[in-house]
There are 2 protein chains.
Amino acid sequence: MEYTVNKLARISGVSGRTLRYYDQIGLLKPARINSSGYRIYGQKEVDLLQQILFYRELEVSLEDIMELIHQPGFNQKEALENHYEQLKQKRARLDTIMATVEKTIASIEGGVSMEDNEKFEGFKEKLIEDNEKKYGKEIREKYGEETINESNAKLRGMSQEDYDAMTLLGDEIMMLLEKAYETGDPGSEESQKLAAKHKEWLMYSWPNYSKEAHAGLAEMYVADERFTAYYDKVVKGGTKFLRDAIIIYLGME
Amino acid sequence: MEYTVNKLARISGVSGRTLRYYDQIGLLKPARINSSGYRIYGQKEVDLLQQILFYRELEVSLEDIMELIHQPGFNQKEALENHYEQLKQKRARLDTIMATVEKTIASIEGGVSMEDNEKFEGFKEKLIEDNEKKYGKEIREKYGEETINESNAKLRGMSQEDYDAMTLLGDEIMMLLEKAYETGDPGSEESQKLAAKHKEWLMYSWPNYSKEAHAGLAEMYVADERFTAYYDKVVKGGTKFLRDAIIIYLGME
DNA sequence: CCTTGACCTTTACGTTGCGTAAAGGTTTAT
DNA sequence: ATAAACCTTTACGCAACGTAAAGGTCAAGG
């Protein structure tokens with residue numbers, strides 16, 4: 001099937017202007033332009049628009065969507081499976097907000113008292129989601145940049161799967177650091193999970209792991225400003241916090 | 001409890017800038033300004049912010065939120081109950097989109113074919129929602145304007161409840177007209193429901209209802225351009241469509 | 001006491017994702 | 001053939017903040 005702008009607009013629920021804008025910024029170009037300058041969209045464009053709308057539903061910026069779908073390694077099925085998980089999260093957030101509404105009603109009616117921070121449950125979760133989105137982008141950017149590193153790693157004899165697992169772990173550590181830092185306690189459960197992950201991560205790149213070397217590295221992190229800058233990027237004071245968590249994890253002092 | 005900007009920001013999940021902006025536009029003013037010019041928020045402001053965020057979650061514009069919560073007749077509990085219903089709808093939309101994702105995955109995997117318009121189910125529902133939001137605003141504006149009419153109606157001996165029910169019905173008819181029109185068939189289920197509602201509505205204001213008079217009114221709608229303009233505002237050709245639906249409903253020709 | 005760092009303030013310019021004319025060419029229907 | 005319903009580009013407008021910049025205020029520690 002072939003569509004002109006407004007026909008595609010009608011079946012998809014977006015406006016004609018939106019489609020022209022997407023053309024303008026290069027997000028979704030028509031299959032061809034006919035003799036009188038009309039935009040003509042084909043099957044491929046319909047499917048791409050669907051993908052775009054899924055991402056938009058998840059509040060991904062058009063710029064990010066562009067990077068994502070135009071990547072050479074873009075896997076449609078994988079993306080869809082990802083959408084599903086994200087949508088599930090979004091629905092869970094809605095459920096939390098609905099529960100908050102119910103509780104607020106109850107507090108008005110029955111005098112059930114409510115703490116101030118309880119009143120915003122569900123809204124705060126959005127912050128966390130947004131953060132993960134931010135990291136999501138960083139991960140993608142890194143995957144782009146690190147294609148070089150990737151081949152280096154391969155050369156060093158690491159299997160592709162191991163390498164993937166390692167970079168994934170690295171990103172996970174950054175997220176964990178932020179969450180752990182919020183607890184304010186390097187001995188907290190989150191913080192110890194962070195330290196454990198850090199050990200796991202190290203074991204990928206180090207030939208022989210030892211507690212002493214791990215602790216030494218942690219101290220080095222704090223001393224060397226290149227590392228400080230790296231880990232403090234996520235939260236300021238993050239490097240010191242990570243060191244403290246590791247020291248406690250290793251049971252050293 | 002009293003909060004400065006960023007403290008309130010932290011418990012609510014919005015940014016400090018957002019709170020300053022809300023102050024600037026008059027949406028949420030701090031309880032007071034202390035001696036050094038700091039904004040201080042109290043209990044009332046916390047609760048109001050919660051309400052604002054509920055509305056924002058439903059994508060109501062700040063301008064509309066302002067009108068709503070600063071209305072003298074604003075009923076918090078009623079608003080919350082409304083929020084709940086709307087959130088439920090939003091969740092239903094998410095469910096539809098999730099189903100679309102699943103179906104799309106299946107169509108990739110198993111060759112289950114999918115029509116183009118099926119690919120956008122859930123997205124189109126948003127259009128309808130947006131429309132209802134638009135009408136929601138119109139209804140509110142009307143409720144403002146029609147305070148005069150309201151007292152007129154009272155004078156004519158109508159009870160408050162009857163009047164409320166009638167205006168509500170009037171708005172419902174407008175929404176129904178739009179949906180019915182989309183079916184393209186004045187004999188469709190939706191269209192007949194529309195006609196029935198219209199009868200119901202008439203019976204409020206008319207002392208004696210008769211089929212003949214109803215049919216006559218329908219014809220009058222088409223003839224009188226004041227009515228045409230009124231009903232065509234929702235969809236063009238709406239007046240004629242309504243007339244046709246009524247004629248079929250009454251079993252006349 | 002004084003300084004440092006974490007707060008707070010205002011002012012002001014930038015951004016995203018379109019909506020909405022305006023001014024005009026094209027296609028379809030009657 | 002003439003209107004109605006499409007399409008085009010250009011361009012200005014807007015909401016809801018984000019993000020400096022430049023500067024006052026407050027609590028804690030040396």
# chains A, B, ... in the order shown; residues from 1 in each chain; ligands from 1
>>> interface_residues(of="chain C", to="chain B", cutoff="12 Å", atoms="only C-alpha atoms (C1' of nucleotides)", output="list in words")
DA6, DC7, DC8, DT9 and DT10 of chain C
>>> write_last_selection(atoms="N, CA and C atoms (P, O5', C5', C4', C3', O3' and C1' of nucleotides)", output="short mmCIF file (atom, residue, chain, number, x, y, z; two decimals), in the first residue's frame")
data_model
loop_
_atom_site.label_atom_id
_atom_site.label_comp_id
_atom_site.auth_asym_id
_atom_site.auth_seq_id
_atom_site.Cartn_x
_atom_site.Cartn_y
_atom_site.Cartn_z
P DA C 6 29.47 21.03 48.82
"O5'" DA C 6 27.95 20.94 49.26
"C5'" DA C 6 27.62 20.91 50.65
"C4'" DA C 6 26.44 21.83 50.92
"C3'" DA C 6 25.30 21.71 49.88
"O3'" DA C 6 24.06 21.58 50.58
"C1'" DA C 6 25.87 23.94 50.21
P DC C 7 22.80 20.88 49.86
"O5'" DC C 7 21.62 21.94 50.06
"C5'" DC C 7 21.48 22.99 49.10
"C4'" DC C 7 21.19 24.25 49.86
"C3'" DC C 7 20.18 25.15 49.14
"O3'" DC C 7 18.88 24.89 49.61
"C1'" DC C 7 22.08 26.40 49.87
P DC C 8 17.66 25.12 48.64
"O5'" DC C 8 17.70 26.70 48.36
"C5'" DC C 8 17.03 27.58 49.27
"C4'" DC C 8 17.40 29.01 48.96
"C3'" DC C 8 16.86 29.55 47.64
"O3'" DC C 8 15.54 30.05 47.77
"C1'" DC C 8 19.11 30.25 48.02
P DT C 9 14.73 30.35 46.42
"O5'" DT C 9 15.37 31.69 45.85
"C5'" DT C 9 15.31 32.90 46.63
"C4'" DT C 9 16.04 34.01 45.91
"C3'" DT C 9 15.58 34.26 44.49
"O3'" DT C 9 14.44 35.09 44.46
"C1'" DT C 9 17.97 34.32 44.65
P DT C 10 13.51 35.08 43.19
"O5'" DT C 10 14.31 35.97 42.14
"C5'" DT C 10 14.69 37.29 42.47
"C4'" DT C 10 15.60 37.85 41.40
"C3'" DT C 10 14.93 37.96 40.02
"O3'" DT C 10 15.12 39.26 39.50
"C1'" DT C 10 16.95 36.69 39.87
#
>>> closest_atom_pairs(of="chain A", to="chain B", cutoff="7 Å", atoms="only C-alpha atoms", output="Markdown table")
| residue | atom | partner | partner_atom | distance |
| --- | --- | --- | --- | --- |
| A:Ile11 | CA | B:Asn117 | CA | 5.4 |
| A:Ser12 | CA | B:Phe120 | CA | 5.4 |
| A:Gly13 | CA | B:Lys124 | CA | 4.7 |
| A:Gln50 | CA | B:Lys119 | CA | 6.7 |
| A:Lys77 | CA | B:Ile105 | CA | 6.3 |
| A:Leu80 | CA | B:Val101 | CA | 6.3 |
| A:Tyr84 | CA | B:Met98 | CA | 6.1 |
| A:Leu87 | CA | B:Met98 | CA | 6.8 |
| A:Arg91 | CA | B:Arg91 | CA | 6.2 |
| A:Leu94 | CA | B:Arg91 | CA | 6.9 |
| A:Met98 | CA | B:Tyr84 | CA | 6.1 |
| A:Val101 | CA | B:Leu80 | CA | 6.3 |
| A:Ile105 | CA | B:Lys77 | CA | 6.3 |
| A:Asn117 | CA | B:Ile11 | CA | 5.4 |
| A:Lys119 | CA | B:Gln50 | CA | 6.7 |
| A:Phe120 | CA | B:Ser12 | CA | 5.4 |
| A:Phe123 | CA | B:Gly13 | CA | 6.1 |
| A:Lys124 | CA | B:Gly13 | CA | 4.7 |
| A:Leu127 | CA | B:Gly13 | CA | 6.6 |
>>> write_last_selection(atoms="N, CA and C atoms", output="short mmCIF file (atom, residue, chain, number, x, y, z; two decimals), in the first residue's frame")
data_model
loop_
_atom_site.label_atom_id
_atom_site.label_comp_id
_atom_site.auth_asym_id
_atom_site.auth_seq_id
_atom_site.Cartn_x
_atom_site.Cartn_y
_atom_site.Cartn_z
N ILE A 11 -4.14 6.84 9.35
CA ILE A 11 -4.10 5.48 9.90
C ILE A 11 -3.20 5.37 11.13
N SER A 12 -2.27 6.30 11.27
CA SER A 12 -1.32 6.16 12.38
C SER A 12 -1.69 7.02 13.59
N GLY A 13 -2.54 8.02 13.36
CA GLY A 13 -2.96 8.84 14.49
C GLY A 13 -2.07 10.04 14.75
N GLN A 50 5.78 2.98 12.94
CA GLN A 50 5.28 2.25 14.11
C GLN A 50 6.38 2.17 15.18
N LYS A 77 13.14 -6.95 16.17
CA LYS A 77 12.49 -7.82 17.14
C LYS A 77 13.00 -7.53 18.56
N LEU A 80 11.45 -4.47 19.87
CA LEU A 80 10.07 -4.68 20.28
C LEU A 80 9.99 -5.33 21.65
N TYR A 84 8.28 -3.80 25.10
CA TYR A 84 7.31 -4.48 25.93
C TYR A 84 7.68 -4.36 27.41
N LEU A 87 7.20 -0.77 28.56
CA LEU A 87 5.79 -0.44 28.71
C LEU A 87 5.23 -1.04 30.00
N ARG A 91 3.46 0.93 32.98
CA ARG A 91 2.16 0.56 33.53
C ARG A 91 2.26 0.39 35.05
N LEU A 94 2.04 3.69 36.63
CA LEU A 94 0.64 4.13 36.67
C LEU A 94 -0.09 3.47 37.83
N MET A 98 -1.99 5.29 40.80
CA MET A 98 -3.40 5.02 41.11
C MET A 98 -3.57 4.65 42.58
N VAL A 101 -3.51 7.74 44.54
CA VAL A 101 -4.80 8.44 44.47
C VAL A 101 -5.78 7.82 45.46
N ILE A 105 -7.55 9.62 48.67
CA ILE A 105 -9.00 9.69 48.89
C ILE A 105 -9.33 9.17 50.28
N ASN A 117 5.95 12.41 51.88
CA ASN A 117 6.62 11.73 50.77
C ASN A 117 5.80 10.59 50.17
N LYS A 119 2.85 10.93 49.49
CA LYS A 119 1.93 11.59 48.56
C LYS A 119 2.49 11.66 47.14
N PHE A 120 3.75 11.37 46.99
CA PHE A 120 4.36 11.50 45.66
C PHE A 120 4.90 10.18 45.13
N PHE A 123 5.50 9.27 41.30
CA PHE A 123 6.12 10.39 40.58
C PHE A 123 7.64 10.28 40.68
N LYS A 124 8.09 9.89 41.85
CA LYS A 124 9.53 9.79 42.03
C LYS A 124 10.13 8.66 41.20
N LEU A 127 11.65 9.67 38.03
CA LEU A 127 13.01 10.17 38.09
C LEU A 127 14.01 9.05 37.81
#
>>> closest_atom_pairs(of="chain D", to="chain B", cutoff="12 Å", atoms="only C-alpha atoms (C1' of nucleotides)", output="CSV")
residue,atom,partner,partner_atom,distance
D:DA15,C1',B:Ser61,CA,8.4
D:DA16,C1',B:Thr18,CA,8.4
D:DC17,C1',B:Thr18,CA,6.6
D:DG18,C1',B:Arg17,CA,8.3
D:DT19,C1',B:Arg17,CA,10.1
D:DG24,C1',B:Ser36,CA,8.6
D:DT25,C1',B:Ser36,CA,7.2
D:DC26,C1',B:Ser36,CA,10.3
>>> residues_around(residues="DA29 of chain C", least_positions_apart="4", cutoff="10 Å", atoms="only C-alpha atoms (C1' of nucleotides)", output="JSON list (two decimals) with N, CA and C atoms (P, O5', C5', C4', C3', O3' and C1' of nucleotides), in the first residue's frame")
[["chain", "number", "residue", "atom", "x", "y", "z"],
["D", 3, "DA", "P", -15.85, 28.64, -8.31],
["D", 3, "DA", "O5'", -16.22, 27.88, -6.97],
["D", 3, "DA", "C5'", -17.37, 27.04, -6.97],
["D", 3, "DA", "C4'", -17.03, 25.67, -6.44],
["D", 3, "DA", "C3'", -16.35, 25.67, -5.06],
["D", 3, "DA", "O3'", -17.08, 24.77, -4.25],
["D", 3, "DA", "C1'", -15.17, 24.26, -6.56],
["D", 4, "DA", "P", -17.09, 24.96, -2.66],
["D", 4, "DA", "O5'", -16.44, 23.58, -2.22],
["D", 4, "DA", "C5'", -16.87, 22.38, -2.89],
["D", 4, "DA", "C4'", -15.85, 21.28, -2.63],
["D", 4, "DA", "C3'", -15.19, 21.33, -1.24],
["D", 4, "DA", "O3'", -15.18, 20.00, -0.76],
["D", 4, "DA", "C1'", -13.53, 21.27, -2.91],
["D", 5, "DA", "P", -14.82, 19.67, 0.76],
["D", 5, "DA", "O5'", -13.51, 18.78, 0.59],
["D", 5, "DA", "C5'", -13.45, 17.82, -0.47],
["D", 5, "DA", "C4'", -12.00, 17.48, -0.75],
["D", 5, "DA", "C3'", -11.10, 17.41, 0.50],
["D", 5, "DA", "O3'", -10.33, 16.23, 0.44],
["D", 5, "DA", "C1'", -10.10, 18.74, -1.13]]
>>> closest_residue(among="D:DA1, D:DC12, D:DC6, D:DA21", to="DA12 of chain C", atoms="only C-alpha atoms (C1' of nucleotides)")
D:DA21
>>> residues_around(residues="Asp185 of chain B", least_positions_apart="6", cutoff="10 Å", atoms="only C-alpha atoms (C1' of nucleotides)", output="count of residues only")
5
